[in-house]
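Asks: I'd like to ask some things about the structure below.
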Amino acid sequence: MRVIADYDRCEGHGLCEEQAPDLFRLDDEGRLHPVYEGRDIPADLAAKATAATGVCPVAALRTQR
Ligand code: SF4
């Protein structure tokens with residue numbers, strides 16, 4: 001599974017980082033940095049990835065199998 005981020009939609013709310021800090025980081029300027037950008041997420045983090053995409057208030061995240 002991969003997480004795809006739409007940076008044009010992301011508003012830096014940080015809910016994804018709160019939900020899954022192993023997968024998402026925001027820098028000091030509120031820019032999103034998915035930890036596994038362009039790579040498969042470890043299987044044991046897949047449920048967290050799904051949960052985190054669900055909390056984004058602007059639907060900037062989606063998962064891809
Ligand atoms: S929750 Fe959504 S809007 Fe907020 S930082 Fe994460 S991707 Fe961006």
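Every chain in the structure tokens has a letter given in the order shown (A, B, ...), and although residue numbers restart at 1 in each chain, ligands are simply numbered from 1 in the order shown.
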Show me which residues are within 12 Å of ligand 1 counting only C-alpha atoms and all ligand atoms, and format the list as number ranges by chain.

Replies: A: 3-21, 23-34, 49, 51-63

Asks: List every residue of chain A that DSSP, applied to the backbone of this structure, places in strand (DSSP E or B), and write the result as a PyMOL selection string.

Replies: chain A and resi 2-5+24-26+32-34+61-64

Asks: Taking the DSSP assignment computed from this structure's backbone, write out as a PyMOL selection string all residues of chain A that belong to alpha helix (DSSP H).

Replies: chain A and resi 15-19+46-55
